[in-house]
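Asks: As input, take query02.pdb (PDB, C-alpha atoms):
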```
ATOM      1  CA  MET A 216      37.856  42.901 -12.872
ATOM      2  CA  LYS A 217      38.399  39.587 -11.024
ATOM      3  CA  PHE A 218      39.608  41.487  -7.983
ATOM      4  CA  VAL A 219      36.503  43.701  -7.902
ATOM      5  CA  TYR A 220      34.184  40.688  -8.298
ATOM      6  CA  GLY A 221      36.050  38.804  -5.547
ATOM      7  CA  LEU A 222      35.922  41.820  -3.266
ATOM      8  CA  GLN A 223      32.176  42.257  -3.850
ATOM      9  CA  SER A 224      31.588  38.567  -3.057
ATOM     10  CA  LEU A 225      33.620  38.874   0.127
ATOM     11  CA  ILE A 226      31.665  41.960   1.213
ATOM     12  CA  TRP A 227      28.302  40.240   0.613
ATOM     13  CA  MET A 228      29.437  37.118   2.467
ATOM     14  CA  ASN A 229      30.445  39.281   5.448
ATOM     15  CA  ILE A 230      27.097  41.108   5.370
ATOM     16  CA  LEU A 231      25.243  37.773   5.243
ATOM     17  CA  HIS A 232      27.322  36.486   8.160
ATOM     18  CA  LEU A 233      26.547  39.603  10.223
ATOM     19  CA  ILE A 234      22.837  39.292   9.527
ATOM     20  CA  THR A 235      22.697  35.597  10.407
ATOM     21  CA  ALA A 236      25.113  35.896  13.330
ATOM     22  CA  ALA A 237      22.849  38.515  14.925
ATOM     23  CA  LYS A 238      20.152  35.854  15.280
ATOM     24  CA  ARG A 239      22.038  33.110  17.169
ATOM     25  CA  GLU A 240      19.039  31.341  18.666
ATOM     26  CA  PRO A 241      16.037  30.057  16.720
ATOM     27  CA  SER A 242      12.891  32.162  17.025
ATOM     28  CA  PRO A 243      10.397  31.283  19.792
ATOM     29  CA  VAL A 244       8.195  29.528  17.203
ATOM     30  CA  LEU A 245      11.065  27.253  16.136
ATOM     31  CA  GLN A 246      12.267  26.752  19.725
ATOM     32  CA  LYS A 247       8.795  25.528  20.689
ATOM     33  CA  LEU A 248       8.706  23.212  17.675
ATOM     34  CA  GLN A 249      12.203  21.908  18.448
ATOM     35  CA  GLU A 250      11.167  21.064  22.023
ATOM     36  CA  SER A 251       8.036  19.253  20.848
ATOM     37  CA  CYS A 252      10.085  17.194  18.369
ATOM     38  CA  LYS A 253      12.376  15.678  21.019
ATOM     39  CA  THR A 254      11.734  11.991  21.500
ATOM     40  CA  SER A 255      13.133  10.191  24.509
ATOM     41  CA  GLY A 256      14.275   6.600  24.286
ATOM     42  CA  THR A 257      14.191   6.444  20.482
ATOM     43  CA  CYS A 258      17.249   5.206  18.637
ATOM     44  CA  GLU A 259      17.988   5.818  14.987
ATOM     45  CA  VAL A 260      18.064   2.879  12.577
ATOM     46  CA  HIS A 261      21.533   2.489  11.085
ATOM     47  CA  ILE A 262      21.701   1.099   7.558
ATOM     48  CA  PRO A 263      25.131   0.232   6.097
ATOM     49  CA  LYS A 264      26.440   2.759   3.550
ATOM     50  CA  GLU A 265      26.879   0.045   0.934
ATOM     51  CA  GLU A 266      23.205  -0.915   1.163
ATOM     52  CA  LEU A 267      22.113   2.720   0.952
ATOM     53  CA  LYS A 268      24.324   3.389  -2.064
ATOM     54  CA  SER A 269      22.837   0.396  -3.883
ATOM     55  CA  ARG A 270      19.228   1.227  -2.935
ATOM     56  CA  LEU A 271      19.166   5.016  -3.358
ATOM     57  CA  THR A 272      19.854   7.174  -6.400
ATOM     58  CA  PRO A 273      23.043   9.261  -6.212
ATOM     59  CA  MET A 274      20.947  12.380  -5.468
ATOM     60  CA  GLN A 275      18.919  10.619  -2.749
ATOM     61  CA  TYR A 276      22.140   9.424  -1.127
ATOM     62  CA  HIS A 277      23.755  12.867  -1.393
ATOM     63  CA  VAL A 278      20.750  14.609   0.169
ATOM     64  CA  THR A 279      19.951  12.133   2.949
ATOM     65  CA  GLN A 280      23.445  11.012   3.939
ATOM     66  CA  GLU A 281      25.682  13.971   3.033
ATOM     67  CA  LYS A 282      23.240  16.784   3.904
ATOM     68  CA  GLY A 283      23.076  17.854   0.275
ATOM     69  CA  THR A 284      20.334  19.783  -1.452
ATOM     70  CA  GLU A 285      18.618  19.672  -4.803
ATOM     71  CA  GLY A 286      18.557  22.641  -7.119
ATOM     72  CA  LYS A 287      15.667  25.077  -6.831
ATOM     73  CA  ASN A 288      12.550  23.698  -8.613
ATOM     74  CA  ALA A 289      14.484  20.531  -9.521
ATOM     75  CA  GLY A 290      12.721  18.084  -7.200
ATOM     76  CA  GLN A 291       9.941  15.800  -8.394
ATOM     77  CA  PHE A 292       7.513  16.818  -5.624
ATOM     78  CA  VAL A 293       7.788  20.621  -5.843
ATOM     79  CA  HIS A 294       4.582  20.904  -7.882
ATOM     80  CA  ASN A 295       2.919  17.637  -6.792
ATOM     81  CA  LYS A 296      -0.737  18.320  -5.935
ATOM     82  CA  ALA A 297      -1.898  14.722  -5.503
ATOM     83  CA  GLU A 298      -3.370  13.644  -2.171
ATOM     84  CA  GLY A 299      -1.269  11.250  -0.155
ATOM     85  CA  LEU A 300       1.602  10.763   2.276
ATOM     86  CA  TYR A 301       5.256  11.699   2.012
ATOM     87  CA  THR A 302       7.565   9.142   3.613
ATOM     88  CA  CYS A 303      11.298   8.965   4.297
ATOM     89  CA  VAL A 304      13.064   7.535   1.240
ATOM     90  CA  VAL A 305      15.519   5.676   3.513
ATOM     91  CA  CYS A 306      13.301   3.987   6.113
ATOM     92  CA  GLY A 307       9.655   4.620   5.139
ATOM     93  CA  ASN A 308       8.794   6.730   8.202
ATOM     94  CA  GLN A 309       5.609   8.720   7.456
ATOM     95  CA  LEU A 310       6.600  12.383   7.562
ATOM     96  CA  PHE A 311       4.088  14.713   5.895
ATOM     97  CA  SER A 312       0.561  14.704   4.541
ATOM     98  CA  SER A 313      -0.389  16.420   1.294
ATOM     99  CA  GLU A 314      -2.987  18.270   3.393
ATOM    100  CA  THR A 315      -0.214  20.407   4.937
ATOM    101  CA  LYS A 316       1.742  20.989   1.718
ATOM    102  CA  PHE A 317       1.704  24.535   0.356
ATOM    103  CA  ASN A 318       3.402  26.592  -2.325
ATOM    104  CA  SER A 319       5.938  28.741  -0.486
ATOM    105  CA  GLY A 320       7.576  29.955  -3.680
ATOM    106  CA  SER A 321      10.912  28.677  -2.365
ATOM    107  CA  GLY A 322      11.431  26.073  -5.095
ATOM    108  CA  TRP A 323      11.320  23.117  -2.678
ATOM    109  CA  PRO A 324       8.341  21.174  -1.305
ATOM    110  CA  SER A 325       7.041  23.004   1.762
ATOM    111  CA  PHE A 326       4.815  21.804   4.578
ATOM    112  CA  TYR A 327       3.385  23.744   7.509
ATOM    113  CA  ASN A 328       3.141  20.671   9.728
ATOM    114  CA  ALA A 329       4.526  17.166  10.055
ATOM    115  CA  ILE A 330       2.178  14.200  10.458
ATOM    116  CA  ASP A 331       3.486  14.059  14.029
ATOM    117  CA  ASN A 332       6.299  16.184  15.501
ATOM    118  CA  ASP A 333       7.827  13.038  16.996
ATOM    119  CA  ARG A 334       8.653  11.803  13.469
ATOM    120  CA  ILE A 335      11.124  14.601  12.764
ATOM    121  CA  LYS A 336      14.200  15.548  14.745
ATOM    122  CA  LEU A 337      15.352  19.174  14.648
ATOM    123  CA  VAL A 338      19.063  19.872  15.000
ATOM    124  CA  LYS A 339      20.924  23.194  15.103
ATOM    125  CA  ASP A 340      22.784  23.700  11.804
ATOM    126  CA  THR A 341      25.462  26.381  11.474
ATOM    127  CA  SER A 342      26.834  25.272   8.110
ATOM    128  CA  HIS A 343      27.437  27.747   5.280
ATOM    129  CA  GLY A 344      27.691  30.640   7.742
ATOM    130  CA  MET A 345      23.982  30.466   8.573
ATOM    131  CA  GLN A 346      21.960  29.656  11.669
ATOM    132  CA  ARG A 347      19.183  27.185  10.800
ATOM    133  CA  LEU A 348      17.347  24.145  12.100
ATOM    134  CA  GLU A 349      17.962  20.966  10.149
ATOM    135  CA  ALA A 350      15.040  18.546   9.805
ATOM    136  CA  LYS A 351      16.034  14.880  10.073
ATOM    137  CA  CYS A 352      14.052  11.662  10.064
ATOM    138  CA  VAL A 353      13.861  10.585  13.694
ATOM    139  CA  ASP A 354      13.978   6.873  12.774
ATOM    140  CA  CYS A 355      17.069   6.780  10.532
ATOM    141  CA  GLY A 356      18.677  10.218  10.808
ATOM    142  CA  ALA A 357      18.271  11.024   7.107
ATOM    143  CA  HIS A 358      18.649  14.708   6.243
ATOM    144  CA  LEU A 359      15.314  16.025   4.966
ATOM    145  CA  GLY A 360      15.861  19.772   4.717
ATOM    146  CA  HIS A 361      15.428  22.729   7.055
ATOM    147  CA  VAL A 362      12.686  24.385   9.100
ATOM    148  CA  PHE A 363      11.893  28.092   9.098
ATOM    149  CA  ASP A 364       9.486  30.330  11.004
ATOM    150  CA  ASP A 365       7.949  31.983   7.943
ATOM    151  CA  GLY A 366       5.160  29.484   7.289
ATOM    152  CA  PRO A 367       1.418  30.130   7.239
ATOM    153  CA  LYS A 368      -0.745  30.396  10.350
ATOM    154  CA  PRO A 369      -1.540  28.732  12.636
ATOM    155  CA  SER A 370       1.846  26.939  12.824
ATOM    156  CA  GLN A 371       3.996  29.713  11.285
ATOM    157  CA  VAL A 372       6.387  26.884  10.389
ATOM    158  CA  ARG A 373       7.773  25.973   6.972
ATOM    159  CA  TYR A 374       9.437  22.609   6.547
ATOM    160  CA  CYS A 375      11.534  23.144   3.408
ATOM    161  CA  VAL A 376      12.188  19.579   2.250
ATOM    162  CA  ASN A 377      14.209  18.031  -0.558
ATOM    163  CA  SER A 378      12.105  15.831  -2.855
ATOM    164  CA  ALA A 379      15.028  13.393  -2.965
ATOM    165  CA  SER A 380      14.581  12.680   0.748
ATOM    166  CA  MET A 381      10.987  11.489   0.297
ATOM    167  CA  CYS A 382       8.753   8.971  -1.426
ATOM    168  CA  PHE A 383       5.118   9.730  -2.141
ATOM    169  CA  LYS A 384       2.271   7.313  -1.490
ATOM    170  CA  LYS A 385      -0.864   8.451  -3.274
ATOM    171  CA  HIS A 386      -4.175   8.030  -1.452
ATOM    172  CA  THR A 387      -6.354   5.455  -3.155
ATOM    173  CA  THR A 388     -10.092   5.105  -2.867
ATOM    174  CA  VAL A 389     -11.668   1.680  -2.606
TER     175      VAL A 389
END
```
What do you get writing this file as structure tokens?
Replies:
Amino acid sequence: MKFVYGLQSLIWMNILHLITAAKREPSPVLQKLQESCKTSGTCEVHIPKEELKSRLTPMQYHVTQEKGTEGKNAGQFVHNKAEGLYTCVVCGNQLFSSETKFNSGSGWPSFYNAIDNDRIKLVKDTSHGMQRLEAKCVDCGAHLGHVFDDGPKPSQVRYCVNSASMCFKKHTTV
């Protein structure tokens, strides 16, 4: 029985690899977004690991510094409907507005646009046998999540972001 299960897993992994390997380059939508996210002359802020480990929760550190991910529907912002801004948990860079947040059904907070494309750096990610674009904070290099081309119009972009990589600042009325 173990052999059959192992063989089935191996077959599915090979099928997944073939499917993802067939699409080596990001789609035109993601290529365009990647080009618009490039920032010249900007350097990342480097914060010592010891400081980050003392300031962040273990999950926040794992996600932002080790390119980890939260479990599906486990993040605190998945179902957040409050109006406000989502900022980088490491450096405070303003990343997303609640106005562009939508329910993608993926189990992670999803946004169809960043506050400004220059606030997020997109990097080719071939980990786990997949071809994806990683979304990183342009100011500190923190891993945020990934970007896909299955979002709503007009952008057709879905930033799939870990809650642990963000803080939320609720809009207040005076």
Asks: If the PyMOL selection byres ((chain A and resi 279) around 10) were run on this exact file, what residues would it hold? Put them as a PDB file with C-alpha atoms, in the frame of the given file.
Replies:
```
ATOM      1  CA  LEU A 267      22.113   2.720   0.952  1.00  0.00           C
ATOM      2  CA  LEU A 271      19.166   5.016  -3.358  1.00  0.00           C
ATOM      3  CA  MET A 274      20.947  12.380  -5.468  1.00  0.00           C
ATOM      4  CA  GLN A 275      18.919  10.619  -2.749  1.00  0.00           C
ATOM      5  CA  TYR A 276      22.140   9.424  -1.127  1.00  0.00           C
ATOM      6  CA  HIS A 277      23.755  12.867  -1.393  1.00  0.00           C
ATOM      7  CA  VAL A 278      20.750  14.609   0.169  1.00  0.00           C
ATOM      8  CA  GLN A 280      23.445  11.012   3.939  1.00  0.00           C
ATOM      9  CA  GLU A 281      25.682  13.971   3.033  1.00  0.00           C
ATOM     10  CA  LYS A 282      23.240  16.784   3.904  1.00  0.00           C
ATOM     11  CA  GLY A 283      23.076  17.854   0.275  1.00  0.00           C
ATOM     12  CA  THR A 284      20.334  19.783  -1.452  1.00  0.00           C
ATOM     13  CA  CYS A 303      11.298   8.965   4.297  1.00  0.00           C
ATOM     14  CA  VAL A 304      13.064   7.535   1.240  1.00  0.00           C
ATOM     15  CA  VAL A 305      15.519   5.676   3.513  1.00  0.00           C
ATOM     16  CA  LYS A 351      16.034  14.880  10.073  1.00  0.00           C
ATOM     17  CA  CYS A 352      14.052  11.662  10.064  1.00  0.00           C
ATOM     18  CA  CYS A 355      17.069   6.780  10.532  1.00  0.00           C
ATOM     19  CA  GLY A 356      18.677  10.218  10.808  1.00  0.00           C
ATOM     20  CA  ALA A 357      18.271  11.024   7.107  1.00  0.00           C
ATOM     21  CA  HIS A 358      18.649  14.708   6.243  1.00  0.00           C
ATOM     22  CA  LEU A 359      15.314  16.025   4.966  1.00  0.00           C
ATOM     23  CA  GLY A 360      15.861  19.772   4.717  1.00  0.00           C
ATOM     24  CA  ASN A 377      14.209  18.031  -0.558  1.00  0.00           C
ATOM     25  CA  ALA A 379      15.028  13.393  -2.965  1.00  0.00           C
ATOM     26  CA  SER A 380      14.581  12.680   0.748  1.00  0.00           C
ATOM     27  CA  MET A 381      10.987  11.489   0.297  1.00  0.00           C
TER      28      MET A 381
END
```
Asks: Please provide as a list in words all residues within 8 Å of Ile335 (chain A), with the sequence filter that same-chain residues fewer than 3 positions apart are discarded (counting only C-alpha atoms).
Replies: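 So, after excluding close chain neighbours, the residues are Cys252, Leu310, Ala329, Asp331, Asn332, Ala350, Lys351, Cys352 and Val353 of chain A.
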Asks: Next, write the just-selected residues to a file, as a PDB file, keeping the file's coordinate frame, keeping C-alpha atoms as the atom set.
Replies:
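Saved result, again-v7.pdb, follows:
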```pdb
ATOM      1  CA  CYS A 252      10.085  17.194  18.369  1.00  0.00           C
ATOM      2  CA  LEU A 310       6.600  12.383   7.562  1.00  0.00           C
ATOM      3  CA  ALA A 329       4.526  17.166  10.055  1.00  0.00           C
ATOM      4  CA  ASP A 331       3.486  14.059  14.029  1.00  0.00           C
ATOM      5  CA  ASN A 332       6.299  16.184  15.501  1.00  0.00           C
ATOM      6  CA  ALA A 350      15.040  18.546   9.805  1.00  0.00           C
ATOM      7  CA  LYS A 351      16.034  14.880  10.073  1.00  0.00           C
ATOM      8  CA  CYS A 352      14.052  11.662  10.064  1.00  0.00           C
ATOM      9  CA  VAL A 353      13.861  10.585  13.694  1.00  0.00           C
TER      10      VAL A 353
END
```
Asks: Return the single residue from A:Tyr301, A:Phe292, A:Trp323, A:Phe363 that is closest to Lys385 (chain A), with distances computed using all atoms listed in the file.
Replies: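 Among the listed residues, the smallest separation from Lys385 (chain A) belongs to A:Tyr301.
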Asks: On this file, the PyMOL selection byres ((chain A and resi 294) around 12) gives some set of residues; write that set as a ChimeraX atom specification.
Replies: /A:287-293,295-297,313,316-325,378
Asks: Please measure the separation of CA of Val372 (chain A) and CA of Phe326 (chain A), giving the value in Å to one decimal.
Replies: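 Between CA of Val372 (chain A) and CA of Phe326 (chain A) the gap works out to 7.9 Å.
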Asks: Find the residue from A:Glu285, A:Asp333, A:Gln346, A:Val362 that sits nearest to Pro273 (chain A); use all atoms listed in the file when measuring.
Replies: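 So, comparing all the options, the nearest one is A:Glu285.
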Asks: Given the choices A:Arg347, A:Lys339, A:Arg334, A:Lys268, which gets closest to Gly307 (chain A) if the distance is worked out from all atoms listed in the file?
Replies: A:Arg334
Asks: Take CA of Ile262 (chain A) and CA of Leu300 (chain A) and report the distance between them in Å, one decimal.
Replies: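 Straight-line distance from CA of Ile262 (chain A) to CA of Leu300 (chain A) works out to 22.9 Å.
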Asks: For CA of Phe311 (chain A) and CA of Pro263 (chain A), determine how far apart the two atoms are, in Å to one decimal place.
Replies: 25.5 Å
Asks: Taking every listed atom of region 362-380 of chain A and adding 5 Å to each side, what centre and edge lengths in Å (one decimal) does the axis-aligned box have, as lines of an AutoDock Vina configuration file?
Replies:
```
center_x = 6.7
center_y = 22.3
center_z = 4.9
size_x = 26.6
size_y = 29.3
size_z = 25.8
```
Asks: For a quick check of understanding, using all atoms listed in the file, which of A:Val376, A:Leu348, A:Cys306, A:Cys382 has the smallest distance to Lys336 (chain A)?
Replies: A:Leu348
